[in-house]
2 protein chains.
Amino acid sequence: MVDGIFEPPALEPGTLRIIPTGGLGEVGRNMTVYEIDGKILIVDCGVLFPEPDQLGVDLILPDFSPVRDRLDDVLGVVLTHGHEDHIGAVPYLLKLRQDIPLIGSALTLAFVEAKLKEHRIKPYTLTVKEGQVEQLGPFGLEFVAVNHSIPDALAVAIRTTAGLALHTGDFKMDQLPLDGRLTDLRAFARLGEEGVDLFLPDSTNADVPGFTPLERSIGPVLEDIIARAPRRVIVASFSSHVHRVQQVMDAAARNGRRVALLGRSMVRNMGIAAELGYLKVPAGVLIDYKSAADLPDDEIVYMSTGSQGEPMAVLARMANLDHEIEPGEGDTVILASSLIPGNENAVYRVIDRLTKLGATVVHRGNAAVHVSGHAAAGELLYCYNIVKPKNVLPLHGEFRHLAASARLAIDTGVPASRTLAGEDGTVVDLRDGVARIVGQLDLGLVYVDGSSVGEITDADLKDRRILGEEGFISAIVVVDASTGRVIAGPEIHARGFAEDDAVFEAVKPKIEAALREAAANGVRDNQALTQVVRRTVGRWVNTSYRRRPMIVPLVVEA
Amino acid sequence: MVDGIFEPPALEPGTLRIIPTGGLGEVGRNMTVYEIDGKILIVDCGVLFPEPDQLGVDLILPDFSPVRDRLDDVLGVVLTHGHEDHIGAVPYLLKLRQDIPLIGSALTLAFVEAKLKEHRIKPYTLTVKEGQVEQLGPFGLEFVAVNHSIPDALAVAIRTTAGLALHTGDFKMDQLPLDGRLTDLRAFARLGEEGVDLFLPDSTNADVPGFTPLERSIGPVLEDIIARAPRRVIVASFSSHVHRVQQVMDAAARNGRRVALLGRSMVRNMGIAAELGYLKVPAGVLIDYKSAADLPDDEIVYMSTGSQGEPMAVLARMANLDHEIEPGEGDTVILASSLIPGNENAVYRVIDRLTKLGATVVHRGNAAVHVSGHAAAGELLYCYNIVKPKNVLPLHGEFRHLAASARLAIDTGVPASRTLAGEDGTVVDLRDGVARIVGQLDLGLVYVDGSSVGEITDADLKDRRILGEEGFISAIVVVDASTGRVIAGPEIHARGFAEDDAVFEAVKPKIEAALREAAANGVRDNQALTQVVRRTVGRWVNTSYRRRPMIVPLVVEA
């Protein structure tokens with residue numbers, strides 16, 4: 001791994017520089033910056049969802065600083081597919097310069113445009129297809145079909161005078177995909193024969209041994225569960241997983257059930273997918289959820305959001321009996337989704353509530369109702385062997401995933417010295433068939449909270465953690481500006497400290513005494529008096545309660 | 001499930017009443033109260049560890065209210081084994097009445113006594129063994145050996161005039177246990193022949209299909225990993241898992257390595273286990289960790305705590321380079337432990353940091369280095385078939401586990417009407433061979449925070465969540481008590497709100513204007529003026545930042 005921050009040299013003409021600004025050391029906020037001869041190409045621009053200890057944070061963006069002062073040099077953003085961790089930060093980038101062209105497949109751009117509409121941005125777009133070739137200044141782009149858990153995903157080969165880079169985006173290698181659209185290994189092979197100077201593969205599942213099962217292996221399982229379900233069926237999955245929804249609709253249709261879509265993003269995305277022909281709705285199967293209520297229970301399948309236990313999504317609201325549809329005895333709930341690490345508590349809470357209501361809950365822990373969207377180690381070995389890259393920079397994943405991917409590269413014959421271990425902000429230069437780490441930028445996490453972007457610092461989050469874990473005690477004293485005499489207070493208020501306010505009567509005389517003593521010693525400075533109050537309260541609470549709430553002292557002069 | 005709170009009838013003489021006060025609907029704080037003819041027996045008294053959204057909570061206790069006013073009727077507490085979720089709340093119970101006798105196996109009591117010593121309590125104890133029979137007032141107790149992830153665990157059969165209850169405590173059915181101490185199915189069979197009126201089995205793994213693998217299957221895996229490790233080996237596991245530590249020591253010894261124990265609880269527990277003969281330390285294998293530093297790297301195994309990613313435990317501190325022992329290139333770290341749901345983020349963070357430092361990390365996700373301590377569905381079927389209970393009350397688990405255990409009972413022929421679905425506070429009466437739910441008490445979560453026990457309410461935790469996610473803004477105004485005129489302020493302070501304090505200049509005139517208007521309208525009441533400040537600040541922050549921090553307004557009269 002890169003050892004500390006160091007400045008890269010000025011970029012020489014004819015050298016291709018690659019800077020991943022997000023997605024290395026985390027699963028999310030994927031973004032990679034390519035630069036050659038003064039021109040910049042960005043591949044993906046996604047968000048990362050916060051961890052539970054990043055309190056109050058809505059989203060985390062890539063750090064745009066490597067391009068922030070160079071926006072006019074950006075020729076375009078290639079979006080490999082329509083998942084939030086690859087497109088979610090586009091609105092924030094376009095707020096910096098609205099006319100940066102977005103390049104992607106029809107479905108990807110449709111998802112991005114729907115998102116941008118919420119931000120009232122109408123983007124410049126270039127729709128591309130697999131096999132298509134485009135020249136963007138010094139970047140020759142060739143798009144390659146890849147298979148993933150959303151249709152119409154693309155890898156991109158980037159040809160420059162410095163060499164050829166192959167950037168896979170997220171992909172897997174389902175050999176019998178529902179839509180027949182394979183990851184184009186013939187193109188990978190052809191590019192490999194031409195000579196891939198730098199390979200940048202999705203590494204999310206590089207530490208998972210073996211092969212990802214076929215998406216279509218889920219269909220019969222869903223069909224069987226739905227066929228046996230005595231009453232209503234509720235299926236939760238990702239709202240962009242067109243093929244999963246397709247399989248649910250097909251299984252419902254074959255069992256004489258109708259499907260009602262629940263959740264704003266589910267309705268919106270499936271509308272887009274159906275309109276563009278990616279989702280083939282069986283005739284007469286769709287029904288709006290209000291009309292579905294009039295059907296017999298064993299003729300209904302609800303297809304909902306909330307498979308990750310998100311508290312505001314439909315499934316959690318149903319489990320809390322905070323939705324028109326109330327699950328109960330005899331209902332069957334299927335979580336046809338992965339369990340993203342960090343969501344376990346929320347998901348199990350939903351499962352338990354549903355179980356308590358009498359529903360049978362089927363999930364990947366007890367039935368084969370989910371397959372991953374990422375190539376596992378077995379598939380990555382094929383890729384490395386087919387591409388035979390000269391240099392490798394594993395992308396997308398926590399460090400354990402990147403390290404596992406690098407291991408696979410080395411096992412297939414890529415020299416260890418050509419297998420780069422990068423992280424966010426690593427600067428890689430490609431020249432004469434050799435890729436080298438030439439710098440490490442100091443990039444940070446950019447937090448979005450409400451309408452604030454990037455204002456929240458890690459120090460603020462530390463404050464929030466203290467407030468959240470310990471609460472605060474504020475102590476206010478009003479002193480006469482001229483004499484320093486206490487004329488009101490101490491008033492003490494606490495929140496989250498969780499003791500009766502009456503307990504503070506014990507500390508008030510201590511504060512008064514401390515201030516009298518300070519006054520006697522000639523202390524008159526407001527900051528010093530504030531410190532006296534802070535110390536007095538802090539000491540008392542620590543001794544009496546063995547706790548360390550935030551102490552907020554205030555000495556007001558009146 | 002039980003439908004709402006309802007009072008149980010007065011307990012008739014000759015009826016056995018059972019109230020689980022913790023452990024049903026959660027994995028932890030196990031405690032069950034048995035009562036007959038005015039006398040009470042408690043089985044287990046454990047703690048529950050808080051979830052991430054229970055901010056600042058150290059521990060969660062069972063609600064003692066069913067026994068709080070009846071402490072003199074408590075004849076004893078049977079402790080089935082020495083895990084925290086079965087013994088951790090004993091100090092808090094004994095603080096209510098210090099001379100309640102504790103009954104358990106030698107190792108269990110040794111662990112409890114070590115814990116009580118920290119609370120400066122010396123308990124009354126009765127050490128028992130498998131096969132032993134004791135009479136405690138109306139309760140005839142027979143102890144039965146069970147196998148678990150800690151040695152010396154016991155089930156207890158409770159004979160009363162109302163019938164026979166069999167309470168398993170945590171157990172599994174390893175058929176080749178390291179210490180040869182099997183779960184005594186012959187005793188289960190004999191009790192079954194006698195007639196088990198109420199069976200209360202551990203249900204933690206009831207939703208796991210199949211059988212738990214043998215503990216000894218881990219040994220060769222550990223040995224192989226240690227044999228191939230080029231440099232130091234660090235193994236993390238639970239500090240009470242004597243047999244796991246035994247296997248690590250044996251594997252180390254066979255590879256010519258020495259073992260240094262790290263972590264206070266690891267050192268303490270293994271000291272107790274070795275002294276009592278449960279841990280057989282191979283001759284010359286133990287070394288203190290300071291001396292280990294002088295050994296060649298490939299002769300060291302560190303055995304540490306922190307397998308759940310606990311931030312203050314040794315493993316996390318090593319990963320953060322905040323410990324004398326700094327892992328690096330070529331070191332091997334083995335997490336020989338389960339991954340308790342909720343700990344994923346913390347554990348993966350530790351794994352990633354270790355990977356980044358160059359260590360190879362082996363865990364249950366990529367090697368067979370852990371087996372569960374609980375009987376899976378396959379084993380529970382054996383139990384139900386051998387015991388053939390008349391009535392069942394599944395214990396220990398989230399609702400999905402309890403529901404799965406009930407399903408297994410019904411599948412083996414227990415009538416559904418005799419398979420009780422309880423939760424914490426469910427009151428079950430056993431009489432004439434029939435167990436019935438006769439009440440549902442309103443029991444709560446009892447939070448421990450610092451030295452406060454039970455003071456923290458769910459409302460406090462809600463405040464903490466708001467503070468944690470949004471921070472607070474306090475606005476203080478000093479008014480003249482007689483005229484109502486503002487004589488100082490508004491002073492505004494915020495923490496966790498994460499914007500420059502300068503932004504508050506914008507709201508100060510709004511507060512002043514609002515207070516002037518209120519004064520003009522004759523508002524003089526302090527509470528009403530406080531509301532004016534709160535509303536003004538709240539509206540401004542919501543409009544300007546789309547956020548909802550806690551607003552703490554204060555109008556001080558001077």
# chains A, B, ... in the order shown; residues from 1 in each chain; ligands from 1
>>> select_by_dssp(residues="range 269-305 of chain B", states="strand (DSSP E or B)", output="list in words")
Leu286, Ile300, Val301, Tyr302, Met303 and Ser304 of chain B
>>> select_by_dssp(residues="range 21-239 of chain B", states="helix (DSSP H, G or I)", output="PyMOL selection string")
chain B and resi 65-68+71-73+84-87+90-94+106-118+185-194+215-228
>>> write_last_selection(atoms="N, CA and C atoms", output="short mmCIF file (atom, residue, chain, number, x, y, z; two decimals), in the first residue's frame")
data_model
loop_
_atom_site.label_atom_id
_atom_site.label_comp_id
_atom_site.auth_asym_id
_atom_site.auth_seq_id
_atom_site.Cartn_x
_atom_site.Cartn_y
_atom_site.Cartn_z
N SER B 65 -38.20 -6.46 37.70
CA SER B 65 -39.40 -6.11 38.46
C SER B 65 -40.23 -7.30 38.95
N PRO B 66 -40.30 -8.43 38.24
CA PRO B 66 -41.09 -9.53 38.80
C PRO B 66 -40.53 -10.08 40.13
N VAL B 67 -39.27 -9.83 40.42
CA VAL B 67 -38.72 -10.34 41.69
C VAL B 67 -38.30 -9.21 42.64
N ARG B 68 -38.33 -7.99 42.16
CA ARG B 68 -37.76 -6.87 42.92
C ARG B 68 -38.38 -6.75 44.32
N LEU B 71 -37.65 -10.31 46.87
CA LEU B 71 -36.28 -10.84 46.93
C LEU B 71 -36.09 -11.87 48.03
N ASP B 72 -36.84 -11.72 49.13
CA ASP B 72 -36.67 -12.67 50.23
C ASP B 72 -37.20 -14.05 49.89
N ASP B 73 -38.05 -14.13 48.86
CA ASP B 73 -38.58 -15.43 48.46
C ASP B 73 -37.66 -16.16 47.48
N GLU B 84 -21.27 -14.18 29.46
CA GLU B 84 -21.83 -12.90 29.92
C GLU B 84 -23.35 -12.82 29.77
N ASP B 85 -23.88 -13.40 28.70
CA ASP B 85 -25.33 -13.29 28.49
C ASP B 85 -26.11 -14.20 29.43
N HIS B 86 -25.39 -14.93 30.29
CA HIS B 86 -26.05 -15.75 31.31
C HIS B 86 -25.64 -15.38 32.73
N ILE B 87 -24.50 -14.71 32.89
CA ILE B 87 -24.07 -14.36 34.25
C ILE B 87 -23.84 -12.85 34.46
N VAL B 90 -25.62 -10.70 37.18
CA VAL B 90 -25.61 -11.17 38.57
C VAL B 90 -25.19 -10.05 39.54
N PRO B 91 -24.13 -9.27 39.23
CA PRO B 91 -23.75 -8.21 40.19
C PRO B 91 -24.91 -7.24 40.47
N TYR B 92 -25.70 -6.94 39.44
CA TYR B 92 -26.79 -5.97 39.60
C TYR B 92 -27.93 -6.58 40.42
N LEU B 93 -28.13 -7.90 40.29
CA LEU B 93 -29.13 -8.57 41.12
C LEU B 93 -28.66 -8.63 42.57
N LEU B 94 -27.40 -8.97 42.74
CA LEU B 94 -26.89 -9.10 44.12
C LEU B 94 -26.81 -7.74 44.83
N ALA B 106 -18.20 -25.60 38.76
CA ALA B 106 -16.98 -24.99 39.30
C ALA B 106 -16.50 -23.85 38.40
N LEU B 107 -16.43 -24.10 37.08
CA LEU B 107 -15.90 -23.07 36.20
C LEU B 107 -16.85 -21.87 36.13
N THR B 108 -18.14 -22.17 36.06
CA THR B 108 -19.13 -21.08 35.99
C THR B 108 -19.00 -20.18 37.21
N LEU B 109 -18.95 -20.79 38.38
CA LEU B 109 -18.86 -19.98 39.61
C LEU B 109 -17.53 -19.24 39.69
N ALA B 110 -16.47 -19.86 39.18
CA ALA B 110 -15.17 -19.17 39.20
C ALA B 110 -15.24 -17.90 38.34
N PHE B 111 -15.88 -17.99 37.17
CA PHE B 111 -16.01 -16.82 36.31
C PHE B 111 -16.90 -15.76 36.99
N VAL B 112 -17.99 -16.20 37.63
CA VAL B 112 -18.88 -15.24 38.30
C VAL B 112 -18.16 -14.57 39.45
N GLU B 113 -17.42 -15.34 40.20
CA GLU B 113 -16.73 -14.76 41.36
C GLU B 113 -15.69 -13.73 40.94
N ALA B 114 -15.00 -14.01 39.81
CA ALA B 114 -14.02 -13.03 39.32
C ALA B 114 -14.72 -11.73 38.96
N LYS B 115 -15.88 -11.85 38.33
CA LYS B 115 -16.66 -10.68 37.95
C LYS B 115 -17.17 -9.93 39.19
N LEU B 116 -17.67 -10.68 40.16
CA LEU B 116 -18.23 -10.05 41.37
C LEU B 116 -17.13 -9.35 42.17
N LYS B 117 -15.93 -9.88 42.07
CA LYS B 117 -14.81 -9.26 42.78
C LYS B 117 -14.62 -7.82 42.31
N GLU B 118 -14.78 -7.59 41.00
CA GLU B 118 -14.67 -6.23 40.47
C GLU B 118 -15.74 -5.32 41.07
N LEU B 185 -27.43 -37.08 26.54
CA LEU B 185 -28.70 -37.45 25.95
C LEU B 185 -29.34 -38.62 26.67
N ARG B 186 -28.50 -39.43 27.36
CA ARG B 186 -29.10 -40.52 28.16
C ARG B 186 -29.93 -39.92 29.29
N ALA B 187 -29.43 -38.86 29.89
CA ALA B 187 -30.22 -38.20 30.94
C ALA B 187 -31.47 -37.56 30.35
N PHE B 188 -31.31 -36.90 29.17
CA PHE B 188 -32.48 -36.32 28.50
C PHE B 188 -33.52 -37.42 28.26
N ALA B 189 -33.04 -38.60 27.83
CA ALA B 189 -33.96 -39.71 27.53
C ALA B 189 -34.66 -40.19 28.81
N ARG B 190 -33.86 -40.32 29.89
CA ARG B 190 -34.43 -40.79 31.15
C ARG B 190 -35.48 -39.81 31.67
N LEU B 191 -35.17 -38.50 31.58
CA LEU B 191 -36.14 -37.49 32.01
C LEU B 191 -37.37 -37.54 31.11
N GLY B 192 -37.13 -37.77 29.80
CA GLY B 192 -38.25 -37.89 28.87
C GLY B 192 -39.16 -39.05 29.23
N GLU B 193 -38.55 -40.19 29.62
CA GLU B 193 -39.35 -41.36 30.03
C GLU B 193 -40.16 -41.03 31.28
N GLU B 194 -39.51 -40.30 32.20
CA GLU B 194 -40.20 -39.88 33.43
C GLU B 194 -41.36 -38.95 33.06
N GLU B 215 -16.08 -29.24 17.13
CA GLU B 215 -15.04 -28.30 17.55
C GLU B 215 -13.67 -28.80 17.08
N ARG B 216 -13.46 -30.12 17.15
CA ARG B 216 -12.11 -30.61 16.82
C ARG B 216 -11.80 -30.54 15.33
N SER B 217 -12.81 -30.26 14.48
CA SER B 217 -12.53 -30.10 13.05
C SER B 217 -11.70 -28.84 12.79
N ILE B 218 -11.69 -27.92 13.76
CA ILE B 218 -10.93 -26.68 13.59
C ILE B 218 -9.43 -26.91 13.80
N GLY B 219 -9.10 -27.86 14.67
CA GLY B 219 -7.71 -28.07 15.05
C GLY B 219 -6.76 -28.22 13.87
N PRO B 220 -7.05 -29.17 12.96
CA PRO B 220 -6.14 -29.35 11.82
C PRO B 220 -6.03 -28.09 10.95
N VAL B 221 -7.13 -27.34 10.85
CA VAL B 221 -7.10 -26.11 10.03
C VAL B 221 -6.15 -25.11 10.68
N LEU B 222 -6.30 -24.93 12.00
CA LEU B 222 -5.41 -24.02 12.72
C LEU B 222 -3.95 -24.47 12.56
N GLU B 223 -3.76 -25.77 12.70
CA GLU B 223 -2.40 -26.29 12.65
C GLU B 223 -1.78 -26.04 11.28
N ASP B 224 -2.59 -26.25 10.24
CA ASP B 224 -2.10 -26.04 8.88
C ASP B 224 -1.75 -24.57 8.65
N ILE B 225 -2.63 -23.67 9.10
CA ILE B 225 -2.37 -22.23 8.90
C ILE B 225 -1.11 -21.83 9.65
N ILE B 226 -1.00 -22.31 10.88
CA ILE B 226 0.17 -21.94 11.69
C ILE B 226 1.45 -22.52 11.07
N ALA B 227 1.35 -23.77 10.55
CA ALA B 227 2.52 -24.40 9.95
C ALA B 227 3.03 -23.62 8.74
N ARG B 228 2.10 -23.06 7.95
CA ARG B 228 2.49 -22.34 6.73
C ARG B 228 2.82 -20.88 6.98
#
>>> interface_residues(of="chain B", to="chain A", cutoff="7 Å", atoms="only C-alpha atoms", output="ChimeraX atom specification")
/B:1,55-56,341-342,344-345,352,355-356,398-400,450-452,455-456,460-461,463-465,467-471,487-488,495-496,498-499,545-547,557-558
>>> write_last_selection(atoms="C-alpha atoms", output="PDB file, in the first residue's frame")
ATOM      1  CA  MET B   1     -47.325 -14.242  19.891  1.00  0.00           C
ATOM      2  CA  LEU B  55     -26.064   5.275  21.865  1.00  0.00           C
ATOM      3  CA  GLY B  56     -23.848   5.420  24.912  1.00  0.00           C
ATOM      4  CA  PRO B 341     -24.687  -9.732  13.928  1.00  0.00           C
ATOM      5  CA  GLY B 342     -24.217  -6.026  14.430  1.00  0.00           C
ATOM      6  CA  GLU B 344     -19.801  -6.633  10.935  1.00  0.00           C
ATOM      7  CA  ASN B 345     -18.692  -3.050  10.355  1.00  0.00           C
ATOM      8  CA  ASP B 352      -9.155  -4.102   6.282  1.00  0.00           C
ATOM      9  CA  THR B 355      -4.779  -6.241   5.286  1.00  0.00           C
ATOM     10  CA  LYS B 356      -3.525  -2.747   4.544  1.00  0.00           C
ATOM     11  CA  GLU B 398     -34.764 -13.388  18.352  1.00  0.00           C
ATOM     12  CA  PHE B 399     -38.342 -14.111  17.323  1.00  0.00           C
ATOM     13  CA  ARG B 400     -37.217 -15.807  14.117  1.00  0.00           C
ATOM     14  CA  GLY B 450     -21.515   4.492  33.670  1.00  0.00           C
ATOM     15  CA  SER B 451     -22.734   4.126  37.209  1.00  0.00           C
ATOM     16  CA  SER B 452     -26.391   4.772  36.312  1.00  0.00           C
ATOM     17  CA  GLU B 455     -32.172   5.849  34.802  1.00  0.00           C
ATOM     18  CA  ILE B 456     -31.914   6.051  31.050  1.00  0.00           C
ATOM     19  CA  ASP B 460     -33.330   9.835  26.512  1.00  0.00           C
ATOM     20  CA  LEU B 461     -32.006   7.541  23.797  1.00  0.00           C
ATOM     21  CA  ASP B 463     -32.736  12.649  22.409  1.00  0.00           C
ATOM     22  CA  ARG B 464     -29.281  11.162  22.024  1.00  0.00           C
ATOM     23  CA  ARG B 465     -30.045   9.990  18.509  1.00  0.00           C
ATOM     24  CA  LEU B 467     -28.185  15.030  19.136  1.00  0.00           C
ATOM     25  CA  GLY B 468     -25.943  12.497  17.447  1.00  0.00           C
ATOM     26  CA  GLU B 469     -27.429  12.824  13.994  1.00  0.00           C
ATOM     27  CA  GLU B 470     -28.146  16.537  13.938  1.00  0.00           C
ATOM     28  CA  GLY B 471     -26.258  18.191  16.790  1.00  0.00           C
ATOM     29  CA  ILE B 487     -30.072  43.135  27.831  1.00  0.00           C
ATOM     30  CA  ALA B 488     -27.617  40.531  26.461  1.00  0.00           C
ATOM     31  CA  ARG B 495     -22.095  21.578  18.356  1.00  0.00           C
ATOM     32  CA  GLY B 496     -22.329  18.808  15.787  1.00  0.00           C
ATOM     33  CA  ALA B 498     -21.198  21.500  11.469  1.00  0.00           C
ATOM     34  CA  GLU B 499     -21.343  24.955  10.022  1.00  0.00           C
ATOM     35  CA  TYR B 545     -30.082  23.954   5.767  1.00  0.00           C
ATOM     36  CA  ARG B 546     -32.888  21.413   5.492  1.00  0.00           C
ATOM     37  CA  ARG B 547     -31.797  20.016   8.843  1.00  0.00           C
ATOM     38  CA  GLU B 557     -34.140  36.892  33.466  1.00  0.00           C
ATOM     39  CA  ALA B 558     -31.610  39.143  35.173  1.00  0.00           C
TER      40      ALA B 558
END
>>> residues_around(residues="range 143-160 of chain A", least_positions_apart="5", cutoff="9 Å", atoms="only C-alpha atoms", output="JSON, numbers by chain")
{"A": [14, 15, 16, 36, 43, 78, 79, 80, 81, 82, 83, 104, 105, 106, 107, 108, 128, 129, 130, 131, 132, 133, 134, 138, 165, 166, 167, 168, 169, 170, 171, 172, 173, 174, 177, 179, 181, 182, 183, 184, 185, 187, 188, 191, 196, 215, 240, 241, 242, 243, 244, 278, 371, 372, 373, 374, 375]}
>>> residues_around(residues="Gly210 in chain B", least_positions_apart="5", cutoff="8 Å", atoms="only C-alpha atoms", output="ChimeraX atom specification")
/B:376-379
>>> write_last_selection(atoms="C-alpha atoms", output="short mmCIF file (atom, residue, chain, number, x, y, z; two decimals), in the first residue's frame")
data_model
loop_
_atom_site.label_atom_id
_atom_site.label_comp_id
_atom_site.auth_asym_id
_atom_site.auth_seq_id
_atom_site.Cartn_x
_atom_site.Cartn_y
_atom_site.Cartn_z
CA ALA B 376 -28.64 -26.32 14.92
CA ALA B 377 -32.03 -27.51 13.64
CA GLY B 378 -30.83 -31.07 13.04
CA GLU B 379 -29.65 -31.47 16.62
#
>>> residues_around(residues="Leu286 in chain A", least_positions_apart="5", cutoff="7 Å", atoms="only C-alpha atoms", output="PyMOL selection string")
chain A and resi 258-260
>>> residues_around(residues="range 123-127 of chain A", least_positions_apart="2", cutoff="7 Å", atoms="only C-alpha atoms", output="compact mmCIF listing (two decimals) with all heavy atoms, in the first residue's frame")
# COMPACT_ATOMS: atom_id res chain seq x y z
N GLN A 98 -22.28 22.53 -15.25
CA GLN A 98 -23.47 21.81 -15.65
C GLN A 98 -23.37 21.14 -17.01
O GLN A 98 -24.10 20.19 -17.28
CB GLN A 98 -24.68 22.77 -15.59
CG GLN A 98 -25.99 22.01 -15.47
CD GLN A 98 -27.07 22.85 -14.81
OE1 GLN A 98 -26.78 23.72 -13.99
NE2 GLN A 98 -28.31 22.60 -15.17
N ASP A 99 -22.48 21.61 -17.88
CA ASP A 99 -22.49 21.09 -19.26
C ASP A 99 -21.42 20.03 -19.52
O ASP A 99 -21.05 19.79 -20.65
CB ASP A 99 -22.39 22.23 -20.27
CG ASP A 99 -21.09 23.01 -20.12
OD1 ASP A 99 -20.34 22.75 -19.14
OD2 ASP A 99 -20.82 23.87 -20.97
N ILE A 100 -20.96 19.36 -18.45
CA ILE A 100 -20.05 18.23 -18.69
C ILE A 100 -20.87 17.11 -19.33
O ILE A 100 -21.88 16.69 -18.77
CB ILE A 100 -19.43 17.72 -17.36
CG1 ILE A 100 -18.63 18.84 -16.68
CG2 ILE A 100 -18.55 16.50 -17.61
CD1 ILE A 100 -18.08 18.45 -15.32
N PRO A 101 -20.46 16.59 -20.48
CA PRO A 101 -21.24 15.54 -21.14
C PRO A 101 -21.21 14.23 -20.35
O PRO A 101 -20.17 13.84 -19.82
CB PRO A 101 -20.55 15.37 -22.50
CG PRO A 101 -19.68 16.57 -22.68
CD PRO A 101 -19.30 17.02 -21.30
N LEU A 102 -22.37 13.60 -20.27
CA LEU A 102 -22.49 12.28 -19.64
C LEU A 102 -22.61 11.24 -20.74
O LEU A 102 -23.40 11.39 -21.67
CB LEU A 102 -23.73 12.23 -18.75
CG LEU A 102 -23.85 13.33 -17.68
CD1 LEU A 102 -25.14 13.12 -16.87
CD2 LEU A 102 -22.63 13.33 -16.78
N ILE A 103 -21.84 10.19 -20.61
CA ILE A 103 -21.77 9.17 -21.65
C ILE A 103 -22.13 7.82 -21.04
O ILE A 103 -21.54 7.42 -20.02
CB ILE A 103 -20.34 9.10 -22.24
CG1 ILE A 103 -19.95 10.49 -22.77
CG2 ILE A 103 -20.24 8.05 -23.34
CD1 ILE A 103 -18.46 10.74 -22.79
N GLY A 104 -23.11 7.13 -21.59
CA GLY A 104 -23.49 5.83 -21.03
C GLY A 104 -24.55 5.17 -21.87
O GLY A 104 -25.00 5.72 -22.89
N SER A 105 -24.97 3.99 -21.44
CA SER A 105 -25.99 3.25 -22.17
C SER A 105 -27.35 3.90 -21.95
O SER A 105 -27.52 4.77 -21.09
CB SER A 105 -26.02 1.80 -21.69
OG SER A 105 -26.52 1.76 -20.36
N ALA A 106 -28.34 3.46 -22.73
CA ALA A 106 -29.68 4.07 -22.68
C ALA A 106 -30.26 3.97 -21.27
O ALA A 106 -30.76 4.96 -20.72
CB ALA A 106 -30.59 3.37 -23.69
N ILE A 121 -31.68 19.52 -12.94
CA ILE A 121 -30.57 19.65 -13.89
C ILE A 121 -30.91 18.84 -15.13
O ILE A 121 -31.33 17.69 -15.03
CB ILE A 121 -29.24 19.12 -13.29
CG1 ILE A 121 -28.86 19.94 -12.06
CG2 ILE A 121 -28.13 19.14 -14.33
CD1 ILE A 121 -27.64 19.40 -11.32
>>> residues_around(residues="Ala518 in chain A", least_positions_apart="6", cutoff="9 Å", atoms="only C-alpha atoms", output="list in words")
Arg524, Ala528, Leu529 and Val532 of chain A
>>> closest_residue(among="B:Gln531, B:Gly309, B:Ile473, B:Leu443", to="Asp501 in chain B", atoms="only C-alpha atoms")
B:Ile473
